[in-house]
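So this one's work.pdb, PDB, C-alpha atoms and all ligand atoms:
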```
ATOM      1  CA  MET A 439     102.437 120.428  95.252  1.00  0.00           C
ATOM      2  CA  LYS A 440     103.443 119.502  91.755  1.00  0.00           C
ATOM      3  CA  THR A 441     107.055 120.579  91.780  1.00  0.00           C
ATOM      4  CA  ALA A 442     110.416 119.015  91.180  1.00  0.00           C
ATOM      5  CA  ARG A 443     111.282 119.373  94.850  1.00  0.00           C
ATOM      6  CA  ASN A 444     109.048 116.456  95.742  1.00  0.00           C
ATOM      7  CA  LEU A 445     110.297 113.862  93.358  1.00  0.00           C
ATOM      8  CA  LEU A 446     111.045 110.264  94.037  1.00  0.00           C
ATOM      9  CA  LEU A 447     113.045 108.051  91.773  1.00  0.00           C
ATOM     10  CA  ILE A 448     111.722 104.605  92.345  1.00  0.00           C
ATOM     11  CA  ALA A 449     114.294 102.964  90.124  1.00  0.00           C
ATOM     12  CA  PHE A 450     117.012 103.011  92.757  1.00  0.00           C
ATOM     13  CA  VAL A 451     114.887 101.649  95.486  1.00  0.00           C
ATOM     14  CA  PHE A 452     115.050  97.950  94.795  1.00  0.00           C
ATOM     15  CA  ALA A 453     118.809  97.915  94.615  1.00  0.00           C
ATOM     16  CA  ALA A 454     119.002  97.686  98.379  1.00  0.00           C
ATOM     17  CA  GLY A 455     119.567  94.236  99.810  1.00  0.00           C
ATOM     18  CA  PHE A 456     116.659  92.613 101.601  1.00  0.00           C
ATOM     19  CA  ALA A 457     118.044  89.396 103.026  1.00  0.00           C
ATOM     20  CA  GLN A 458     121.169  90.670 104.708  1.00  0.00           C
ATOM     21  CA  SER A 459     122.183  91.274 108.273  1.00  0.00           C
ATOM     22  CA  VAL A 460     121.328  94.692 109.695  1.00  0.00           C
ATOM     23  CA  LYS A 461     124.949  95.784 109.407  1.00  0.00           C
ATOM     24  CA  GLY A 462     125.298  94.533 105.847  1.00  0.00           C
ATOM     25  CA  GLN A 463     121.970  96.146 105.022  1.00  0.00           C
ATOM     26  CA  ASP A 464     123.169  99.504 106.368  1.00  0.00           C
ATOM     27  CA  ARG A 465     126.351  99.279 104.335  1.00  0.00           C
ATOM     28  CA  THR A 466     124.387  98.484 101.172  1.00  0.00           C
ATOM     29  CA  VAL A 467     122.149 101.495 101.712  1.00  0.00           C
ATOM     30  CA  ILE A 468     125.102 103.783 102.469  1.00  0.00           C
ATOM     31  CA  ASN A 469     126.800 102.645  99.267  1.00  0.00           C
ATOM     32  CA  GLU A 470     123.615 103.312  97.328  1.00  0.00           C
ATOM     33  CA  ALA A 471     123.225 106.813  98.804  1.00  0.00           C
ATOM     34  CA  GLN A 472     126.869 107.589  98.006  1.00  0.00           C
ATOM     35  CA  LYS A 473     126.428 106.410  94.434  1.00  0.00           C
ATOM     36  CA  ILE A 474     123.347 108.611  93.940  1.00  0.00           C
ATOM     37  CA  THR A 475     124.845 111.762  95.454  1.00  0.00           C
ATOM     38  CA  ASN A 476     128.583 111.372  94.825  1.00  0.00           C
ATOM     39  CA  ASP A 477     128.977 112.351  98.490  1.00  0.00           C
ATOM     40  CA  ARG A 478     130.800 110.586 101.343  1.00  0.00           C
ATOM     41  CA  PHE A 479     128.649 110.120 104.431  1.00  0.00           C
ATOM     42  CA  THR A 480     131.354 110.054 107.072  1.00  0.00           C
ATOM     43  CA  VAL A 481     129.292 111.439 109.982  1.00  0.00           C
ATOM     44  CA  SER A 482     126.957 109.022 111.772  1.00  0.00           C
ATOM     45  CA  LEU A 483     124.642 109.952 114.634  1.00  0.00           C
ATOM     46  CA  THR A 484     121.048 109.751 115.815  1.00  0.00           C
ATOM     47  CA  THR A 485     118.466 112.484 116.311  1.00  0.00           C
ATOM     48  CA  PRO A 486     117.277 113.212 119.869  1.00  0.00           C
ATOM     49  CA  ARG A 487     114.271 110.928 119.210  1.00  0.00           C
ATOM     50  CA  GLY A 488     116.338 108.125 117.731  1.00  0.00           C
ATOM     51  CA  ALA A 489     116.294 108.345 113.929  1.00  0.00           C
ATOM     52  CA  ARG A 490     119.568 107.298 112.287  1.00  0.00           C
ATOM     53  CA  VAL A 491     121.422 110.047 110.391  1.00  0.00           C
ATOM     54  CA  TYR A 492     124.354 109.788 108.009  1.00  0.00           C
ATOM     55  CA  ALA A 493     125.768 113.098 106.831  1.00  0.00           C
ATOM     56  CA  VAL A 494     128.561 114.751 104.893  1.00  0.00           C
ATOM     57  CA  ASN A 495     129.000 117.388 107.617  1.00  0.00           C
ATOM     58  CA  ARG A 496     127.931 117.245 111.253  1.00  0.00           C
ATOM     59  CA  PRO A 497     124.334 118.543 111.333  1.00  0.00           C
ATOM     60  CA  ASN A 498     123.420 121.180 113.896  1.00  0.00           C
ATOM     61  CA  ALA A 499     120.740 120.757 116.562  1.00  0.00           C
ATOM     62  CA  ARG A 500     118.111 122.646 114.540  1.00  0.00           C
ATOM     63  CA  MET A 501     118.572 120.325 111.580  1.00  0.00           C
ATOM     64  CA  LEU A 502     118.159 117.263 113.817  1.00  0.00           C
ATOM     65  CA  LYS A 503     115.098 118.721 115.512  1.00  0.00           C
ATOM     66  CA  ALA A 504     113.585 119.519 112.105  1.00  0.00           C
ATOM     67  CA  ILE A 505     114.019 115.869 111.112  1.00  0.00           C
ATOM     68  CA  ASP A 506     112.331 114.708 114.324  1.00  0.00           C
ATOM     69  CA  ASP A 507     109.498 117.207 113.796  1.00  0.00           C
ATOM     70  CA  GLY A 508     108.949 115.954 110.237  1.00  0.00           C
ATOM     71  CA  LEU A 509     108.805 112.350 111.425  1.00  0.00           C
ATOM     72  CA  ALA A 510     106.434 113.311 114.269  1.00  0.00           C
ATOM     73  CA  ASN A 511     104.070 114.901 111.733  1.00  0.00           C
ATOM     74  CA  LEU A 512     104.382 111.845 109.496  1.00  0.00           C
ATOM     75  CA  PHE A 513     103.581 109.441 112.347  1.00  0.00           C
ATOM     76  CA  ALA A 514     100.577 111.489 113.501  1.00  0.00           C
ATOM     77  CA  LEU A 515      99.128 111.591 109.985  1.00  0.00           C
ATOM     78  CA  SER A 516      99.823 107.890 109.507  1.00  0.00           C
ATOM     79  CA  ARG A 517      97.963 106.973 112.706  1.00  0.00           C
ATOM     80  CA  LYS A 518      95.084 109.173 111.602  1.00  0.00           C
ATOM     81  CA  ASN A 519      94.933 107.013 108.454  1.00  0.00           C
ATOM     82  CA  ASN A 520      95.041 103.824 110.558  1.00  0.00           C
ATOM     83  CA  TYR A 521      98.551 102.873 109.515  1.00  0.00           C
ATOM     84  CA  SER A 522     100.577 101.224 112.260  1.00  0.00           C
ATOM     85  CA  ARG A 523     103.737  99.782 110.723  1.00  0.00           C
ATOM     86  CA  ARG A 524     107.144 101.540 110.795  1.00  0.00           C
ATOM     87  CA  LEU A 525     106.056 104.412 112.991  1.00  0.00           C
ATOM     88  CA  ASN A 526     109.151 104.480 115.201  1.00  0.00           C
ATOM     89  CA  TYR A 527     111.948 107.022 114.858  1.00  0.00           C
ATOM     90  CA  SER A 528     114.460 104.180 114.874  1.00  0.00           C
ATOM     91  CA  ASP A 529     112.789 102.744 111.749  1.00  0.00           C
ATOM     92  CA  TYR A 530     114.180 105.658 109.708  1.00  0.00           C
ATOM     93  CA  THR A 531     117.583 106.448 108.234  1.00  0.00           C
ATOM     94  CA  ILE A 532     118.149 109.925 106.794  1.00  0.00           C
ATOM     95  CA  PHE A 533     121.113 110.866 104.622  1.00  0.00           C
ATOM     96  CA  ILE A 534     122.027 114.557 104.634  1.00  0.00           C
ATOM     97  CA  ALA A 535     123.803 115.241 101.351  1.00  0.00           C
ATOM     98  CA  LYS A 536     125.548 118.323 100.040  1.00  0.00           C
ATOM     99  CA  ALA A 537     123.068 120.533  98.198  1.00  0.00           C
ATOM    100  CA  ASP A 538     123.623 120.631  94.426  1.00  0.00           C
ATOM    101  CA  ARG A 539     121.752 123.911  94.262  1.00  0.00           C
ATOM    102  CA  LEU A 540     120.631 126.392  96.921  1.00  0.00           C
ATOM    103  CA  LYS A 541     117.906 128.258  95.023  1.00  0.00           C
ATOM    104  CA  ASP A 542     115.159 127.093  92.714  1.00  0.00           C
ATOM    105  CA  SER A 543     114.400 128.644  89.323  1.00  0.00           C
ATOM    106  CA  SER A 544     112.300 131.367  90.971  1.00  0.00           C
ATOM    107  CA  GLY A 545     115.162 132.343  93.300  1.00  0.00           C
ATOM    108  CA  GLN A 546     113.672 130.858  96.480  1.00  0.00           C
ATOM    109  CA  TYR A 547     115.977 129.200  99.024  1.00  0.00           C
ATOM    110  CA  SER A 548     115.640 125.551  98.052  1.00  0.00           C
ATOM    111  CA  PRO A 549     118.601 123.265  98.816  1.00  0.00           C
ATOM    112  CA  ASP A 550     118.142 120.300  96.487  1.00  0.00           C
ATOM    113  CA  ILE A 551     120.060 117.329  95.188  1.00  0.00           C
ATOM    114  CA  ALA A 552     120.624 116.572  91.507  1.00  0.00           C
ATOM    115  CA  ILE A 553     119.820 113.033  90.434  1.00  0.00           C
ATOM    116  CA  GLY A 554     119.751 111.175  87.123  1.00  0.00           C
ATOM    117  CA  ALA A 555     116.525 111.867  85.251  1.00  0.00           C
ATOM    118  CA  ALA A 556     115.631 108.209  84.491  1.00  0.00           C
ATOM    119  CA  GLN A 557     111.867 108.058  83.974  1.00  0.00           C
ATOM    120  CA  TYR A 558     111.613 111.824  84.235  1.00  0.00           C
ATOM    121  CA  ALA A 559     113.519 112.234  80.954  1.00  0.00           C
ATOM    122  CA  GLY A 560     111.628 114.609  78.683  1.00  0.00           C
ATOM    123  CA  SER A 561     109.112 115.523  81.388  1.00  0.00           C
ATOM    124  CA  ILE A 562     108.680 118.977  82.900  1.00  0.00           C
ATOM    125  CA  PHE A 563     111.084 117.889  85.663  1.00  0.00           C
ATOM    126  CA  ASP A 564     113.953 117.116  83.302  1.00  0.00           C
ATOM    127  CA  GLN A 565     116.799 119.656  83.538  1.00  0.00           C
ATOM    128  CA  GLY A 566     118.795 117.944  80.777  1.00  0.00           C
ATOM    129  CA  GLY A 567     119.650 114.448  81.967  1.00  0.00           C
ATOM    130  CA  TYR A 568     119.107 115.138  85.641  1.00  0.00           C
ATOM    131  CA  ILE A 569     116.496 116.602  87.935  1.00  0.00           C
ATOM    132  CA  TYR A 570     116.618 118.541  91.176  1.00  0.00           C
ATOM    133  CA  ALA A 571     114.796 116.967  94.071  1.00  0.00           C
ATOM    134  CA  ALA A 572     114.346 117.998  97.680  1.00  0.00           C
ATOM    135  CA  GLY A 573     114.507 114.378  98.715  1.00  0.00           C
ATOM    136  CA  MET A 574     114.718 110.874  97.412  1.00  0.00           C
ATOM    137  CA  VAL A 575     113.940 107.430  98.793  1.00  0.00           C
ATOM    138  CA  VAL A 576     116.929 105.083  98.829  1.00  0.00           C
ATOM    139  CA  ALA A 577     115.550 101.917 100.469  1.00  0.00           C
ATOM    140  CA  PHE A 578     112.572 100.391 102.256  1.00  0.00           C
ATOM    141  CA  ASN A 579     114.482  97.931 104.452  1.00  0.00           C
ATOM    142  CA  PRO A 580     115.712  99.828 106.338  1.00  0.00           C
ATOM    143  CA  ASN A 581     113.556 102.854 105.503  1.00  0.00           C
ATOM    144  CA  ALA A 582     116.003 105.389 104.102  1.00  0.00           C
ATOM    145  CA  PHE A 583     115.945 108.618 102.153  1.00  0.00           C
ATOM    146  CA  ILE A 584     118.236 111.494 101.183  1.00  0.00           C
ATOM    147  CA  ILE A 585     117.709 115.192 101.870  1.00  0.00           C
ATOM    148  CA  ALA A 586     120.008 118.193 101.330  1.00  0.00           C
ATOM    149  CA  GLU A 587     121.855 120.238 103.957  1.00  0.00           C
ATOM    150  CA  HIS A 588     120.006 123.346 105.107  1.00  0.00           C
ATOM    151  CA  THR A 589     121.389 126.318 107.002  1.00  0.00           C
ATOM    152  CA  LYS A 590     118.053 128.124 107.397  1.00  0.00           C
ATOM    153  CA  HIS A 591     114.332 127.601 106.734  1.00  0.00           C
ATOM    154  CA  TYR A 592     114.412 124.399 108.764  1.00  0.00           C
ATOM    155  CA  GLU A 593     110.643 124.038 108.429  1.00  0.00           C
ATOM    156  CA  ARG A 594     111.380 123.004 104.858  1.00  0.00           C
ATOM    157  CA  VAL A 595     113.484 120.116 106.217  1.00  0.00           C
ATOM    158  CA  SER A 596     110.502 118.956 108.287  1.00  0.00           C
ATOM    159  CA  ASP A 597     108.293 119.079 105.185  1.00  0.00           C
ATOM    160  CA  VAL A 598     110.735 117.124 103.026  1.00  0.00           C
ATOM    161  CA  VAL A 599     111.177 114.493 105.746  1.00  0.00           C
ATOM    162  CA  ARG A 600     107.435 114.126 106.051  1.00  0.00           C
ATOM    163  CA  TYR A 601     107.001 113.935 102.260  1.00  0.00           C
ATOM    164  CA  GLU A 602     109.695 111.334 101.635  1.00  0.00           C
ATOM    165  CA  GLY A 603     108.446 109.462 104.690  1.00  0.00           C
ATOM    166  CA  GLU A 604     104.987 109.267 103.128  1.00  0.00           C
ATOM    167  CA  HIS A 605     106.328 106.955 100.430  1.00  0.00           C
ATOM    168  CA  LEU A 606     107.918 104.712 103.044  1.00  0.00           C
ATOM    169  CA  VAL A 607     104.865 104.534 105.294  1.00  0.00           C
ATOM    170  CA  LEU A 608     102.685 103.745 102.293  1.00  0.00           C
ATOM    171  CA  TYR A 609     105.050 101.033 101.098  1.00  0.00           C
ATOM    172  CA  HIS A 610     104.713  99.234 104.426  1.00  0.00           C
ATOM    173  CA  ASN A 611     101.033  99.977 105.119  1.00  0.00           C
ATOM    174  CA  ASP A 612      99.135 100.544 101.876  1.00  0.00           C
ATOM    175  CA  ARG A 613     100.907  99.064  98.877  1.00  0.00           C
ATOM    176  CA  ARG A 614      98.136 100.006  96.472  1.00  0.00           C
ATOM    177  CA  LEU A 615      98.289 103.705  97.326  1.00  0.00           C
ATOM    178  CA  PHE A 616     102.083 103.452  97.363  1.00  0.00           C
ATOM    179  CA  ASN A 617     102.077 102.203  93.771  1.00  0.00           C
ATOM    180  CA  GLN A 618      99.691 104.947  92.697  1.00  0.00           C
ATOM    181  CA  THR A 619     101.785 107.735  94.224  1.00  0.00           C
ATOM    182  CA  ALA A 620     105.414 106.597  94.029  1.00  0.00           C
ATOM    183  CA  ASP A 621     106.250 108.004  90.602  1.00  0.00           C
ATOM    184  CA  HIS A 622     105.597 111.739  90.252  1.00  0.00           C
ATOM    185  CA  SER A 623     106.574 111.823  86.563  1.00  0.00           C
ATOM    186  CA  GLN A 624     102.925 111.093  85.742  1.00  0.00           C
ATOM    187  CA  GLY A 625     101.741 113.919  87.985  1.00  0.00           C
ATOM    188  CA  GLY A 626     100.885 114.105  91.658  1.00  0.00           C
ATOM    189  CA  GLY A 627     102.974 115.296  94.561  1.00  0.00           C
ATOM    190  CA  HIS A 628     102.843 115.975  98.294  1.00  0.00           C
ATOM    191  CA  PRO A 629     101.310 115.857 100.749  1.00  0.00           C
ATOM    192  CA  ILE A 630      99.705 112.496  99.943  1.00  0.00           C
ATOM    193  CA  LEU A 631      98.289 111.868 103.419  1.00  0.00           C
ATOM    194  CA  GLN A 632      95.762 114.293 104.858  1.00  0.00           C
TER     195      GLN A 632
HETATM  196 ZN    ZN B   1     107.403 111.997  96.499  1.00  0.00          ZN
END
```

Spell out the structure here as structure tokens.
Amino acid sequence: MKTARNLLLIAFVFAAGFAQSVKGQDRTVINEAQKITNDRFTVSLTTPRGARVYAVNRPNARMLKAIDDGLANLFALSRKNNYSRRLNYSDYTIFIAKADRLKDSSGQYSPDIAIGAAQYAGSIFDQGGYIYAAGMVVAFNPNAFIIAEHTKHYERVSDVVRYEGEHLVLYHNDRRLFNQTADHSQGGGHPILQ
């Protein structure tokens, strides 16, 4: 799918600290996610299967299950491709941000976050200095990405989790394919893994 909803901005990714304690690492990633979204992630919890969640508002059970389902799909596809690293729920941190829009340009329900255009400037994704994305990778250690709050169509949450997770799995298991697929401004999209 070659749409703005599946974008990743790689530029932010290396800002996360690599040589810090787990707690310091978490704080660095939270700060980064807050800077990107202008949100405050004051709610902290885990999904039933153990993924870490930081959110603006307390997510409901369907949202948490959708995250777990997306990760389950990601792990199954990863194993099918003989990837073995970072396939535990506890390896993942998901930020649930406030949606900056609820519908896409065709009027479909599409809660997305607005992020600075960076390398997408002037591309088909550029909305005038920013782009809308369904999700965005924040860090690789720990594995972290941002998605937007949903109140319906939770299967879309599972898809976005799986898609953002693809970048993280590839980073840790197949750096060459990661590099080829990380930046969608040159084309390409999701799913990457079949
Ligand atoms: Zn992507």

Please, what distance in Å, to one decimal, runs between atom CA of Ile630 of chain A and atom CA of Asp464 of chain A?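 So the answer is 27.6 Å.
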
So which residues are near ligand ZN 1 (chain B), meaning at most 8 Å away with all atoms listed in the file counted, given back as a list of chain:residue names?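 Answer in the requested format: A:Asn444, A:Leu445, A:Leu446, A:Gly573, A:Met574, A:Tyr601, A:Glu602, A:Glu604, A:His605, A:Thr619, A:Ala620, A:Asp621, A:His622, A:Gly627, A:His628.
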
So which residues touch segment 534-551 of chain A within 8 Å, counting all atoms listed in the file, skipping near sequence neighbours fewer than 6 positions away, as a count of residues only? 17

Would you translate the PyMOL selection byres (((chain A and resi 592) around 10) and not hetatm) into the concrete set of residues it matches in this file, as an mmCIF file with C-alpha atoms, in the frame of the given file?
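Below is the file expr.cif, written as the result:
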```cif
data_model
loop_
_atom_site.group_PDB
_atom_site.id
_atom_site.type_symbol
_atom_site.label_atom_id
_atom_site.label_comp_id
_atom_site.auth_asym_id
_atom_site.auth_seq_id
_atom_site.Cartn_x
_atom_site.Cartn_y
_atom_site.Cartn_z
ATOM 1 C CA ARG A 500 118.111 122.646 114.540
ATOM 2 C CA MET A 501 118.572 120.325 111.580
ATOM 3 C CA LEU A 502 118.159 117.263 113.817
ATOM 4 C CA LYS A 503 115.098 118.721 115.512
ATOM 5 C CA ALA A 504 113.585 119.519 112.105
ATOM 6 C CA ILE A 505 114.019 115.869 111.112
ATOM 7 C CA GLU A 587 121.855 120.238 103.957
ATOM 8 C CA HIS A 588 120.006 123.346 105.107
ATOM 9 C CA THR A 589 121.389 126.318 107.002
ATOM 10 C CA LYS A 590 118.053 128.124 107.397
ATOM 11 C CA HIS A 591 114.332 127.601 106.734
ATOM 12 C CA GLU A 593 110.643 124.038 108.429
ATOM 13 C CA ARG A 594 111.380 123.004 104.858
ATOM 14 C CA VAL A 595 113.484 120.116 106.217
ATOM 15 C CA SER A 596 110.502 118.956 108.287
ATOM 16 C CA ASP A 597 108.293 119.079 105.185
ATOM 17 C CA VAL A 598 110.735 117.124 103.026
#
```

Exactly which residues make up the result of the PyMOL selection byres (((chain A and resi 526) around 9) and not hetatm) on this file, given as a list in words? Gly488, Ala489, Leu509, Phe513, Arg523, Arg524, Leu525, Tyr527, Ser528, Asp529 and Tyr530 of chain A

Which residue gives the smallest distance to Ile532 of chain A among A:Tyr609, A:Phe583, A:Tyr568, A:Phe578, with all atoms listed in the file counted?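 Looking at the shortest contact to Ile532 of chain A, the residue is A:Phe583.
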
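Taking atom CA of Thr480 of chain A as the reference point, atom CA of Ala499 of chain A is found at 17.8 Å.
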
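Between atom CA of Pro629 of chain A and atom CA of Pro580 of chain A the separation is 22.3 Å.
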
Hey, can I get the axis-aligned box for segment 522-525 of chain A? All listed atoms, 5 Å padding on each side, centre and edge lengths in Å to one decimal, as lines of an AutoDock Vina configuration file.
```
center_x = 103.9
center_y = 102.1
center_z = 111.9
size_x = 16.6
size_y = 14.6
size_z = 12.3
```

Identify which of the residues A:Leu631, A:Asn611, A:Ala510, A:Arg478 lies closest to Ser522 of chain A, counting all atoms listed in the file when measuring atom-to-atom distances.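 Looking only at the distances to Ser522 of chain A, the closest residue turns out to be A:Asn611.
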
Write out as a list in words the residues lying within 9 Å of Gln632 of chain A, counting only C-alpha atoms and excluding same-chain residues fewer than 3 positions away.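 Final neighbour list, sorted by chain and number: Leu515, Ser516, Lys518, Asn519 and Pro629 of chain A.
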